[in-house]
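Okay, so here's the structure we're looking at.
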Amino acid sequence: MSPMAGWGIAILRIAVGMIFVAHGSQKLFGAFGGPGLTGTSDYFTALGLSPAYPLALLWAIIEFGCGVLVFLGAWTRWAAIPLAVGMAVAIWKAHLVNGFFINWSLAAGAGHGYEFQLVLIGACACLALTGAGELSIDRLLDRNAESAYAGRQRIRGM
């Protein structure tokens, strides 16, 4: 593998983490003009998801919390999985009926397609398979574990 591959994964991880933190904070806190939990719950009701408020709260916490973990590179492989599953549900319940493409012209009555969610699923799958890359808590913990193992091996004289 290229010595720069870990840096490429880090760039992907940071960008994906930022996206999920921003969208999660819209749902959880109403930040950035978001709907907050009440608006998210109302949207989930319109999609036929019930019980809407507990599901909205659960998804907002997952989106924000796992987004923070991915951004920091902490438990990245595990944090990316529920995010990918959530995006698959978003495609199924909200975007599939609108086709593939985002509604770039913002035409009235036309929703967004699923292309953005598909990219996020791909990015989360990549992170789940490869790990966090450079500049991450996961990498720091791995290096500390490797150093401790090497130290134990030296003590044993191996």
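Going through the structure tokens in order, the chains are called A, B, and so on, while each chain numbers its residues from 1 and the ligands are numbered from 1 in the order shown.
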Contacts of stretch 11-55 of chain A with stretch 94-102 of chain A up to 12 Å, shortest pair per row, only C-alpha atoms, as a Markdown table:
```
| residue | atom | partner | partner_atom | distance |
| --- | --- | --- | --- | --- |
| A:Tyr43 | CA | A:Ala94 | CA | 9.9 |
| A:Phe44 | CA | A:Ala94 | CA | 9.5 |
| A:Thr45 | CA | A:Ala94 | CA | 11.7 |
| A:Ala46 | CA | A:Ala94 | CA | 9.8 |
| A:Leu47 | CA | A:Ala94 | CA | 6.9 |
| A:Gly48 | CA | A:Ala94 | CA | 10.0 |
| A:Leu49 | CA | A:Ala94 | CA | 10.7 |
```
Can those selected residues be exported to a file as a PDB file, in the first residue's frame so that it contains N, CA, C and O atoms?
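So the final result, stored in out-v3.pdb, reads:
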```
ATOM      1  N   TYR A  43     -41.097  14.966  10.429  1.00  0.00           N
ATOM      2  CA  TYR A  43     -40.684  14.430   9.132  1.00  0.00           C
ATOM      3  C   TYR A  43     -40.719  12.906   9.138  1.00  0.00           C
ATOM      4  O   TYR A  43     -41.186  12.278   8.187  1.00  0.00           O
ATOM      5  N   PHE A  44     -40.265  12.296  10.231  1.00  0.00           N
ATOM      6  CA  PHE A  44     -40.315  10.837  10.345  1.00  0.00           C
ATOM      7  C   PHE A  44     -41.757  10.340  10.319  1.00  0.00           C
ATOM      8  O   PHE A  44     -42.044   9.302   9.732  1.00  0.00           O
ATOM      9  N   THR A  45     -42.660  11.080  10.946  1.00  0.00           N
ATOM     10  CA  THR A  45     -44.080  10.721  10.905  1.00  0.00           C
ATOM     11  C   THR A  45     -44.588  10.746   9.472  1.00  0.00           C
ATOM     12  O   THR A  45     -45.287   9.830   9.031  1.00  0.00           O
ATOM     13  N   ALA A  46     -44.222  11.800   8.717  1.00  0.00           N
ATOM     14  CA  ALA A  46     -44.646  11.915   7.325  1.00  0.00           C
ATOM     15  C   ALA A  46     -44.089  10.773   6.464  1.00  0.00           C
ATOM     16  O   ALA A  46     -44.712  10.372   5.485  1.00  0.00           O
ATOM     17  N   LEU A  47     -42.927  10.248   6.849  1.00  0.00           N
ATOM     18  CA  LEU A  47     -42.335   9.129   6.119  1.00  0.00           C
ATOM     19  C   LEU A  47     -42.927   7.782   6.519  1.00  0.00           C
ATOM     20  O   LEU A  47     -42.617   6.757   5.913  1.00  0.00           O
ATOM     21  N   GLY A  48     -43.754   7.790   7.567  1.00  0.00           N
ATOM     22  CA  GLY A  48     -44.363   6.547   8.024  1.00  0.00           C
ATOM     23  C   GLY A  48     -43.511   5.787   9.021  1.00  0.00           C
ATOM     24  O   GLY A  48     -43.743   4.604   9.260  1.00  0.00           O
ATOM     25  N   LEU A  49     -42.520   6.453   9.606  1.00  0.00           N
ATOM     26  CA  LEU A  49     -41.679   5.819  10.623  1.00  0.00           C
ATOM     27  C   LEU A  49     -42.295   6.049  11.989  1.00  0.00           C
ATOM     28  O   LEU A  49     -42.603   7.181  12.351  1.00  0.00           O
TER      29      LEU A  49
END
```
Those of chain A in DSSP helix (DSSP H, G or I), formatted as a ChimeraX atom specification: /A:5-29,31-33,36-47,52-72,76-98,115-130,137-156
Just the number, please: distance in Å from atom CA of A:Ala60 to atom CA of A:Leu28, one decimal.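 Taking atom CA of A:Ala60 and atom CA of A:Leu28, their separation equals 5.2 Å.
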Contacts of A:Glu134 at 6 Å (only C-alpha atoms; same-chain gap of 3+ positions) as a ChimeraX atom specification: /A:6-7,10
Gap from atom CA of A:Phe64 to atom CA of A:Asp42 - Å, one decimal: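 One can read the atom CA of A:Phe64 to atom CA of A:Asp42 distance as 18.9 Å.
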Distance of atom CA of A:Pro3 from atom CA of A:Cys124, expressed in Å to one decimal place: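 A separation of 21.6 Å between them.
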Nearby residues (only C-alpha atoms) at most 6 Å from A:Ile14, same-chain spacing under 3 positions excluded, as a CSV table (one decimal) with all heavy atoms, in the first residue's frame:
```csv
chain,number,residue,atom,x,y,z
A,11,ILE,N,-8.4,12.2,5.1
A,11,ILE,CA,-9.1,13.3,4.4
A,11,ILE,C,-10.6,12.9,4.2
A,11,ILE,O,-11.5,13.6,4.6
A,11,ILE,CB,-8.5,13.7,3.1
A,11,ILE,CG1,-7.1,14.3,3.4
A,11,ILE,CG2,-9.4,14.6,2.3
A,11,ILE,CD1,-6.3,14.5,2.1
A,17,GLY,N,-17.0,12.8,8.5
A,17,GLY,CA,-17.4,13.1,9.9
A,17,GLY,C,-18.0,14.5,10.0
A,17,GLY,O,-19.0,14.7,10.7
A,71,PHE,N,-15.1,11.7,12.7
A,71,PHE,CA,-14.3,12.9,12.6
A,71,PHE,C,-12.9,12.7,13.4
A,71,PHE,O,-11.9,13.0,12.9
A,71,PHE,CB,-15.0,14.1,13.0
A,71,PHE,CG,-14.2,15.4,12.9
A,71,PHE,CD1,-14.1,16.0,11.7
A,71,PHE,CD2,-13.6,15.9,14.0
A,71,PHE,CE1,-13.3,17.2,11.6
A,71,PHE,CE2,-12.9,17.1,13.9
A,71,PHE,CZ,-12.7,17.7,12.7
```
In terms of the shortest atom-to-atom distance over only C-alpha atoms, which of A:Leu118, A:Leu140, A:Ala90, A:Ala56 is closest to A:Pro35? A:Ala56
Using only C-alpha atoms, find the one residue out of A:Asn144, A:Gln153, A:Ser105, A:Thr76 that sits nearest to A:Ala123.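 Nearest to A:Ala123: A:Thr76.
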Smallest atom-to-atom distance to A:Leu58: which of A:Leu72, A:Ile91, A:Leu106, A:Leu83, using only C-alpha atoms?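 Selected residue with least distance to A:Leu58: A:Leu83.
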Shell around stretch 127-132 of chain A at 6 Å using only C-alpha atoms, local window under 6 positions removed, as an mmCIF file with N, CA and C atoms, in the first residue's frame:
```
data_model
loop_
_atom_site.group_PDB
_atom_site.id
_atom_site.type_symbol
_atom_site.label_atom_id
_atom_site.label_comp_id
_atom_site.auth_asym_id
_atom_site.auth_seq_id
_atom_site.Cartn_x
_atom_site.Cartn_y
_atom_site.Cartn_z
ATOM 1 N N GLY A 73 -11.665 9.953 14.419
ATOM 2 C CA GLY A 73 -10.989 8.692 14.124
ATOM 3 C C GLY A 73 -10.950 7.774 15.328
ATOM 4 N N THR A 76 -13.534 4.070 14.526
ATOM 5 C CA THR A 76 -14.029 4.447 13.202
ATOM 6 C C THR A 76 -14.728 3.299 12.495
ATOM 7 N N ARG A 77 -14.111 2.120 12.529
ATOM 8 C CA ARG A 77 -14.717 0.979 11.819
ATOM 9 C C ARG A 77 -16.122 0.709 12.329
ATOM 10 N N ALA A 80 -18.769 3.867 11.643
ATOM 11 C CA ALA A 80 -19.215 4.047 10.258
ATOM 12 C C ALA A 80 -20.392 3.136 9.900
#
```
Of the listed residues A:Phe32, A:Thr38, A:Cys126, A:Leu12, that which approaches A:Trp78 most closely, counting only C-alpha atoms: A:Cys126
